[in-house]
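Undergrad: Input structure: coords16.cif, which contains mmCIF, N, CA and C atoms.
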```cif
data_run
loop_
_atom_site.label_atom_id
_atom_site.label_comp_id
_atom_site.auth_asym_id
_atom_site.auth_seq_id
_atom_site.Cartn_x
_atom_site.Cartn_y
_atom_site.Cartn_z
N TYR A 1 -14.63 0.45 5.60
CA TYR A 1 -13.23 0.83 5.44
C TYR A 1 -12.98 2.22 6.01
N TRP A 2 -13.79 3.16 5.60
CA TRP A 2 -13.55 4.56 5.99
C TRP A 2 -13.71 4.77 7.49
N ASP A 3 -14.44 3.89 8.16
CA ASP A 3 -14.61 4.00 9.60
C ASP A 3 -13.56 3.21 10.38
N GLY A 4 -12.65 2.56 9.67
CA GLY A 4 -11.59 1.81 10.33
C GLY A 4 -11.97 0.39 10.73
N ASP A 5 -13.12 -0.07 10.30
CA ASP A 5 -13.52 -1.45 10.59
C ASP A 5 -13.02 -2.33 9.45
N TYR A 6 -11.72 -2.64 9.50
CA TYR A 6 -11.06 -3.32 8.40
C TYR A 6 -11.50 -4.76 8.23
N ARG A 7 -11.81 -5.43 9.32
CA ARG A 7 -12.28 -6.82 9.19
C ARG A 7 -13.64 -6.87 8.48
N ALA A 8 -14.52 -5.96 8.83
CA ALA A 8 -15.82 -5.90 8.16
C ALA A 8 -15.65 -5.52 6.69
N ALA A 9 -14.72 -4.62 6.42
CA ALA A 9 -14.46 -4.22 5.03
C ALA A 9 -13.94 -5.40 4.22
N LEU A 10 -13.06 -6.20 4.82
CA LEU A 10 -12.56 -7.39 4.13
C LEU A 10 -13.70 -8.36 3.83
N ALA A 11 -14.61 -8.52 4.77
CA ALA A 11 -15.76 -9.39 4.54
C ALA A 11 -16.62 -8.84 3.40
N ALA A 12 -16.76 -7.53 3.34
CA ALA A 12 -17.55 -6.91 2.28
C ALA A 12 -16.88 -7.11 0.92
N PHE A 13 -15.55 -7.07 0.87
CA PHE A 13 -14.85 -7.31 -0.38
C PHE A 13 -15.15 -8.70 -0.92
N ASP A 14 -15.26 -9.66 -0.02
CA ASP A 14 -15.54 -11.03 -0.44
C ASP A 14 -16.91 -11.17 -1.10
N SER A 15 -17.84 -10.27 -0.77
CA SER A 15 -19.18 -10.36 -1.33
C SER A 15 -19.35 -9.59 -2.64
N LEU A 16 -18.29 -8.93 -3.10
CA LEU A 16 -18.38 -8.16 -4.34
C LEU A 16 -18.44 -9.08 -5.55
N GLY A 17 -18.95 -8.54 -6.64
CA GLY A 17 -18.97 -9.27 -7.90
C GLY A 17 -17.58 -9.36 -8.51
N ALA A 18 -17.45 -10.17 -9.53
CA ALA A 18 -16.14 -10.44 -10.14
C ALA A 18 -15.48 -9.17 -10.69
N THR A 19 -16.25 -8.31 -11.32
CA THR A 19 -15.68 -7.08 -11.88
C THR A 19 -15.11 -6.20 -10.77
N ALA A 20 -15.85 -6.02 -9.72
CA ALA A 20 -15.40 -5.19 -8.61
C ALA A 20 -14.19 -5.81 -7.92
N LYS A 21 -14.15 -7.13 -7.83
CA LYS A 21 -13.02 -7.80 -7.18
C LYS A 21 -11.72 -7.62 -7.95
N ASN A 22 -11.82 -7.24 -9.21
CA ASN A 22 -10.64 -7.02 -10.04
C ASN A 22 -10.34 -5.55 -10.28
N ASN A 23 -11.07 -4.67 -9.61
CA ASN A 23 -10.87 -3.23 -9.76
C ASN A 23 -9.69 -2.80 -8.90
N ASP A 24 -8.67 -2.23 -9.53
CA ASP A 24 -7.46 -1.85 -8.79
C ASP A 24 -7.71 -0.82 -7.70
N ASN A 25 -8.69 0.03 -7.86
CA ASN A 25 -9.01 1.00 -6.81
C ASN A 25 -9.54 0.29 -5.56
N LEU A 26 -10.42 -0.66 -5.77
CA LEU A 26 -10.96 -1.42 -4.65
C LEU A 26 -9.91 -2.36 -4.07
N LEU A 27 -9.07 -2.92 -4.93
CA LEU A 27 -8.00 -3.79 -4.44
C LEU A 27 -6.99 -3.02 -3.59
N PHE A 28 -6.78 -1.75 -3.91
CA PHE A 28 -5.91 -0.91 -3.09
C PHE A 28 -6.48 -0.78 -1.69
N LEU A 29 -7.78 -0.54 -1.60
CA LEU A 29 -8.43 -0.43 -0.30
C LEU A 29 -8.36 -1.77 0.44
N LYS A 30 -8.54 -2.86 -0.29
CA LYS A 30 -8.43 -4.18 0.33
C LYS A 30 -7.02 -4.39 0.86
N ALA A 31 -6.01 -3.99 0.10
CA ALA A 31 -4.62 -4.13 0.55
C ALA A 31 -4.38 -3.36 1.84
N ASN A 32 -4.97 -2.19 1.96
CA ASN A 32 -4.83 -1.42 3.19
C ASN A 32 -5.49 -2.13 4.36
N CYS A 33 -6.63 -2.75 4.10
CA CYS A 33 -7.30 -3.53 5.15
C CYS A 33 -6.43 -4.71 5.57
N LEU A 34 -5.82 -5.36 4.61
CA LEU A 34 -4.95 -6.49 4.92
C LEU A 34 -3.75 -6.04 5.75
N LEU A 35 -3.17 -4.91 5.39
CA LEU A 35 -2.05 -4.37 6.19
C LEU A 35 -2.49 -4.09 7.62
N ALA A 36 -3.66 -3.49 7.75
CA ALA A 36 -4.15 -3.11 9.08
C ALA A 36 -4.51 -4.31 9.94
N THR A 37 -4.75 -5.45 9.31
CA THR A 37 -5.13 -6.65 10.07
C THR A 37 -4.00 -7.67 10.14
N GLY A 38 -2.78 -7.23 9.85
CA GLY A 38 -1.62 -8.09 10.01
C GLY A 38 -1.36 -9.07 8.89
N LYS A 39 -1.95 -8.85 7.75
CA LYS A 39 -1.75 -9.74 6.60
C LYS A 39 -0.91 -9.02 5.54
N ALA A 40 0.31 -8.65 5.95
CA ALA A 40 1.17 -7.83 5.10
C ALA A 40 1.62 -8.53 3.82
N ALA A 41 1.85 -9.83 3.88
CA ALA A 41 2.30 -10.54 2.68
C ALA A 41 1.21 -10.52 1.60
N ALA A 42 -0.03 -10.77 1.99
CA ALA A 42 -1.14 -10.73 1.03
C ALA A 42 -1.33 -9.32 0.50
N ALA A 43 -1.18 -8.33 1.38
CA ALA A 43 -1.29 -6.93 0.95
C ALA A 43 -0.21 -6.61 -0.08
N GLY A 44 1.00 -7.05 0.20
CA GLY A 44 2.11 -6.80 -0.71
C GLY A 44 1.87 -7.40 -2.09
N ASP A 45 1.32 -8.60 -2.14
CA ASP A 45 1.01 -9.22 -3.43
C ASP A 45 0.03 -8.38 -4.23
N LEU A 46 -1.02 -7.91 -3.57
CA LEU A 46 -2.00 -7.05 -4.25
C LEU A 46 -1.36 -5.75 -4.72
N LEU A 47 -0.57 -5.14 -3.84
CA LEU A 47 0.04 -3.85 -4.16
C LEU A 47 1.03 -3.95 -5.32
N LYS A 48 1.77 -5.04 -5.39
CA LYS A 48 2.69 -5.24 -6.52
C LYS A 48 1.93 -5.32 -7.83
N ASN A 49 0.81 -6.03 -7.82
CA ASN A 49 -0.01 -6.11 -9.03
C ASN A 49 -0.60 -4.76 -9.41
N ILE A 50 -1.07 -4.03 -8.44
CA ILE A 50 -1.64 -2.70 -8.70
C ILE A 50 -0.58 -1.78 -9.28
N LEU A 51 0.61 -1.83 -8.71
CA LEU A 51 1.72 -1.01 -9.21
C LEU A 51 2.05 -1.37 -10.65
N GLN A 52 2.09 -2.65 -10.93
CA GLN A 52 2.40 -3.13 -12.28
C GLN A 52 1.32 -2.72 -13.28
N ASN A 53 0.05 -2.79 -12.87
CA ASN A 53 -1.05 -2.45 -13.77
C ASN A 53 -1.09 -0.97 -14.09
N GLY A 54 -0.77 -0.13 -13.10
CA GLY A 54 -0.78 1.32 -13.30
C GLY A 54 -2.13 1.91 -13.61
N ARG A 55 -3.20 1.29 -13.11
CA ARG A 55 -4.55 1.77 -13.42
C ARG A 55 -5.33 2.28 -12.22
N SER A 56 -4.68 2.45 -11.09
CA SER A 56 -5.41 2.85 -9.89
C SER A 56 -5.35 4.36 -9.68
N ARG A 57 -6.45 4.91 -9.23
CA ARG A 57 -6.48 6.33 -8.87
C ARG A 57 -5.58 6.58 -7.65
N PHE A 58 -5.21 5.52 -6.95
CA PHE A 58 -4.35 5.63 -5.78
C PHE A 58 -2.89 5.33 -6.13
N GLY A 59 -2.56 5.37 -7.40
CA GLY A 59 -1.23 5.00 -7.87
C GLY A 59 -0.10 5.70 -7.16
N ALA A 60 -0.29 6.96 -6.80
CA ALA A 60 0.77 7.71 -6.12
C ALA A 60 1.00 7.22 -4.70
N GLN A 61 0.07 6.46 -4.15
CA GLN A 61 0.16 5.97 -2.78
C GLN A 61 0.66 4.52 -2.70
N VAL A 62 0.61 3.80 -3.80
CA VAL A 62 0.88 2.36 -3.78
C VAL A 62 2.29 2.06 -3.27
N GLY A 63 3.28 2.80 -3.72
CA GLY A 63 4.66 2.54 -3.30
C GLY A 63 4.85 2.65 -1.80
N TRP A 64 4.19 3.62 -1.19
CA TRP A 64 4.28 3.81 0.25
C TRP A 64 3.76 2.57 1.00
N TYR A 65 2.59 2.12 0.61
CA TYR A 65 2.00 0.98 1.30
C TYR A 65 2.74 -0.32 0.98
N LEU A 66 3.30 -0.41 -0.21
CA LEU A 66 4.12 -1.58 -0.54
C LEU A 66 5.38 -1.58 0.34
N ALA A 67 5.97 -0.42 0.54
CA ALA A 67 7.14 -0.33 1.43
C ALA A 67 6.76 -0.76 2.85
N LEU A 68 5.60 -0.35 3.31
CA LEU A 68 5.15 -0.76 4.65
C LEU A 68 4.96 -2.28 4.72
N SER A 69 4.42 -2.85 3.65
CA SER A 69 4.23 -4.31 3.65
C SER A 69 5.59 -5.01 3.66
N TYR A 70 6.55 -4.46 2.94
CA TYR A 70 7.90 -5.04 2.96
C TYR A 70 8.49 -4.98 4.37
N LEU A 71 8.32 -3.87 5.04
CA LEU A 71 8.85 -3.76 6.41
C LEU A 71 8.19 -4.77 7.33
N GLN A 72 6.88 -4.93 7.20
CA GLN A 72 6.15 -5.84 8.08
C GLN A 72 6.48 -7.31 7.80
N THR A 73 6.99 -7.60 6.61
CA THR A 73 7.32 -8.98 6.27
C THR A 73 8.82 -9.24 6.32
N GLY A 74 9.58 -8.28 6.86
CA GLY A 74 11.01 -8.49 7.04
C GLY A 74 11.87 -8.26 5.81
N HIS A 75 11.35 -7.57 4.83
CA HIS A 75 12.11 -7.27 3.61
C HIS A 75 12.58 -5.82 3.64
N ALA A 76 13.48 -5.54 4.57
CA ALA A 76 13.92 -4.16 4.81
C ALA A 76 14.63 -3.55 3.61
N ASN A 77 15.40 -4.34 2.87
CA ASN A 77 16.13 -3.79 1.72
C ASN A 77 15.17 -3.31 0.64
N GLU A 78 14.14 -4.10 0.36
CA GLU A 78 13.15 -3.71 -0.63
C GLU A 78 12.38 -2.47 -0.17
N ALA A 79 12.05 -2.44 1.11
CA ALA A 79 11.34 -1.29 1.67
C ALA A 79 12.19 -0.03 1.55
N GLU A 80 13.46 -0.15 1.91
CA GLU A 80 14.34 1.02 1.86
C GLU A 80 14.49 1.54 0.44
N ALA A 81 14.60 0.64 -0.53
CA ALA A 81 14.71 1.06 -1.93
C ALA A 81 13.48 1.84 -2.37
N LEU A 82 12.30 1.35 -2.01
CA LEU A 82 11.07 2.05 -2.36
C LEU A 82 10.97 3.40 -1.65
N LEU A 83 11.34 3.41 -0.38
CA LEU A 83 11.29 4.66 0.39
C LEU A 83 12.24 5.70 -0.19
N ARG A 84 13.40 5.26 -0.64
CA ARG A 84 14.34 6.19 -1.27
C ARG A 84 13.76 6.77 -2.56
N GLN A 85 13.08 5.94 -3.33
CA GLN A 85 12.42 6.44 -4.55
C GLN A 85 11.37 7.49 -4.21
N LEU A 86 10.56 7.19 -3.20
CA LEU A 86 9.52 8.14 -2.79
C LEU A 86 10.11 9.43 -2.27
N ALA A 87 11.16 9.33 -1.48
CA ALA A 87 11.80 10.52 -0.91
C ALA A 87 12.44 11.38 -1.99
N ALA A 88 12.88 10.77 -3.08
CA ALA A 88 13.52 11.51 -4.17
C ALA A 88 12.52 12.12 -5.15
N ASP A 89 11.27 11.69 -5.07
CA ASP A 89 10.24 12.16 -6.00
C ASP A 89 9.55 13.39 -5.44
N LYS A 90 9.86 14.55 -6.00
CA LYS A 90 9.30 15.80 -5.48
C LYS A 90 7.79 15.88 -5.62
N ASP A 91 7.21 15.05 -6.48
CA ASP A 91 5.76 15.03 -6.67
C ASP A 91 5.04 13.99 -5.83
N SER A 92 5.80 13.20 -5.09
CA SER A 92 5.17 12.14 -4.29
C SER A 92 4.43 12.72 -3.09
N PRO A 93 3.17 12.32 -2.91
CA PRO A 93 2.43 12.79 -1.74
C PRO A 93 2.96 12.19 -0.44
N ARG A 94 3.80 11.17 -0.54
CA ARG A 94 4.36 10.51 0.64
C ARG A 94 5.86 10.82 0.81
N ARG A 95 6.32 11.84 0.14
CA ARG A 95 7.74 12.18 0.20
C ARG A 95 8.21 12.43 1.63
N ALA A 96 7.52 13.29 2.35
CA ALA A 96 7.92 13.61 3.73
C ALA A 96 7.83 12.37 4.63
N ASP A 97 6.80 11.56 4.43
CA ASP A 97 6.67 10.33 5.21
C ASP A 97 7.83 9.39 4.93
N ALA A 98 8.20 9.27 3.66
CA ALA A 98 9.32 8.40 3.29
C ALA A 98 10.63 8.89 3.90
N GLU A 99 10.85 10.20 3.84
CA GLU A 99 12.07 10.76 4.43
C GLU A 99 12.12 10.49 5.94
N ARG A 100 11.00 10.69 6.61
CA ARG A 100 10.92 10.45 8.05
C ARG A 100 11.19 8.99 8.38
N LEU A 101 10.57 8.10 7.64
CA LEU A 101 10.73 6.68 7.92
C LEU A 101 12.16 6.21 7.63
N LEU A 102 12.77 6.75 6.58
CA LEU A 102 14.16 6.41 6.31
C LEU A 102 15.07 6.83 7.47
N GLN A 103 14.79 8.00 8.03
CA GLN A 103 15.58 8.45 9.19
C GLN A 103 15.38 7.52 10.38
N GLU A 104 14.15 7.08 10.59
CA GLU A 104 13.86 6.18 11.70
C GLU A 104 14.51 4.82 11.53
N LEU A 105 14.69 4.40 10.28
CA LEU A 105 15.29 3.10 10.03
C LEU A 105 16.80 3.08 10.20
N LYS A 106 17.41 4.25 10.23
CA LYS A 106 18.87 4.31 10.39
C LYS A 106 19.32 3.89 11.75
#
```
Once more with this new file: its structure as structure tokens, please.

TA:
Amino acid sequence: YWDGDYRAALAAFDSLGATAKNNDNLLFLKANCLLATGKAAAAGDLLKNILQNGRSRFGAQVGWYLALSYLQTGHANEAEALLRQLAADKDSPRRADAERLLQELK
């Protein structure tokens, strides 16, 4: 994953044990791999669950990647709503990215 070999990382996820396969931190990384390999709908499903669970160390990043998955799957309204939330959150690490992307979408 860290080297950008997302297909190999996805294969490695498949070989994990049941506990690891249900770990929201690892599922977040899997969702990023899915996004990078053009599987945005599957990534979005994982990210929605992670967001709902609220147990990931990457929780502050989940909304950003979920917005990207929405854009890639043609759900612009949902993406824009999430991006507006991120842009309004002064503590969001993706605030500037969300503001920039909102401008690009106009």

Undergrad: Could you state which residues are captured by the PyMOL selection byres (((chain A and resi 89-103 and name CA) around 10) and name CA) in this file, as a ChimeraX atom specification?

TA: /A:60-65,67-68,79-88,104-106

Undergrad: May I have the selected residues written with N, CA and C atoms, as a short mmCIF file (atom, residue, chain, number, x, y, z; two decimals), in the coordinates of the input?

TA:
```cif
data_model
loop_
_atom_site.label_atom_id
_atom_site.label_comp_id
_atom_site.auth_asym_id
_atom_site.auth_seq_id
_atom_site.Cartn_x
_atom_site.Cartn_y
_atom_site.Cartn_z
N ALA A 60 -0.29 6.96 -6.80
CA ALA A 60 0.77 7.71 -6.12
C ALA A 60 1.00 7.22 -4.70
N GLN A 61 0.07 6.46 -4.15
CA GLN A 61 0.16 5.97 -2.78
C GLN A 61 0.66 4.52 -2.70
N VAL A 62 0.61 3.80 -3.80
CA VAL A 62 0.88 2.36 -3.78
C VAL A 62 2.29 2.06 -3.27
N GLY A 63 3.28 2.80 -3.72
CA GLY A 63 4.66 2.54 -3.30
C GLY A 63 4.85 2.65 -1.80
N TRP A 64 4.19 3.62 -1.19
CA TRP A 64 4.28 3.81 0.25
C TRP A 64 3.76 2.57 1.00
N TYR A 65 2.59 2.12 0.61
CA TYR A 65 2.00 0.98 1.30
C TYR A 65 2.74 -0.32 0.98
N ALA A 67 5.97 -0.42 0.54
CA ALA A 67 7.14 -0.33 1.43
C ALA A 67 6.76 -0.76 2.85
N LEU A 68 5.60 -0.35 3.31
CA LEU A 68 5.15 -0.76 4.65
C LEU A 68 4.96 -2.28 4.72
N ALA A 79 12.05 -2.44 1.11
CA ALA A 79 11.34 -1.29 1.67
C ALA A 79 12.19 -0.03 1.55
N GLU A 80 13.46 -0.15 1.91
CA GLU A 80 14.34 1.02 1.86
C GLU A 80 14.49 1.54 0.44
N ALA A 81 14.60 0.64 -0.53
CA ALA A 81 14.71 1.06 -1.93
C ALA A 81 13.48 1.84 -2.37
N LEU A 82 12.30 1.35 -2.01
CA LEU A 82 11.07 2.05 -2.36
C LEU A 82 10.97 3.40 -1.65
N LEU A 83 11.34 3.41 -0.38
CA LEU A 83 11.29 4.66 0.39
C LEU A 83 12.24 5.70 -0.19
N ARG A 84 13.40 5.26 -0.64
CA ARG A 84 14.34 6.19 -1.27
C ARG A 84 13.76 6.77 -2.56
N GLN A 85 13.08 5.94 -3.33
CA GLN A 85 12.42 6.44 -4.55
C GLN A 85 11.37 7.49 -4.21
N LEU A 86 10.56 7.19 -3.20
CA LEU A 86 9.52 8.14 -2.79
C LEU A 86 10.11 9.43 -2.27
N ALA A 87 11.16 9.33 -1.48
CA ALA A 87 11.80 10.52 -0.91
C ALA A 87 12.44 11.38 -1.99
N ALA A 88 12.88 10.77 -3.08
CA ALA A 88 13.52 11.51 -4.17
C ALA A 88 12.52 12.12 -5.15
N GLU A 104 14.15 7.08 10.59
CA GLU A 104 13.86 6.18 11.70
C GLU A 104 14.51 4.82 11.53
N LEU A 105 14.69 4.40 10.28
CA LEU A 105 15.29 3.10 10.03
C LEU A 105 16.80 3.08 10.20
N LYS A 106 17.41 4.25 10.23
CA LYS A 106 18.87 4.31 10.39
C LYS A 106 19.32 3.89 11.75
#
```

Undergrad: So that I can see what lies close to stretch 14-30 of chain A, please list as a list of chain:residue names the residues with an atom at most 7 Å from it, counting only C-alpha atoms and leaving out residues fewer than 5 positions away in the same chain.

TA: A:Leu46, A:Leu47, A:Ile50, A:Arg55, A:Ser56, A:Arg57, A:Phe58

Undergrad: How many Å lie between atom C of A:Ser69 and atom CA of A:Cys33, rounded to one decimal?

TA: 13.1 Å

Undergrad: Can you tell me how far atom N of A:Ala8 sits from atom C of A:Leu34, in Å to one decimal?

TA: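 These two atoms are separated by 11.2 Å.
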
Undergrad: Record the distance separating atom C of A:Gly38 and atom N of A:Tyr1, expressed in Å with one decimal.

TA: 16.7 Å

Undergrad: Name the residues of chain A that fall into alpha helix (DSSP H) according to DSSP on the backbone, using the chain letters and numbers of this document, as a VMD selection string.

TA: chain A and resid 6 to 14 18 to 21 24 to 36 40 to 53 59 to 72 76 to 88 95 to 105
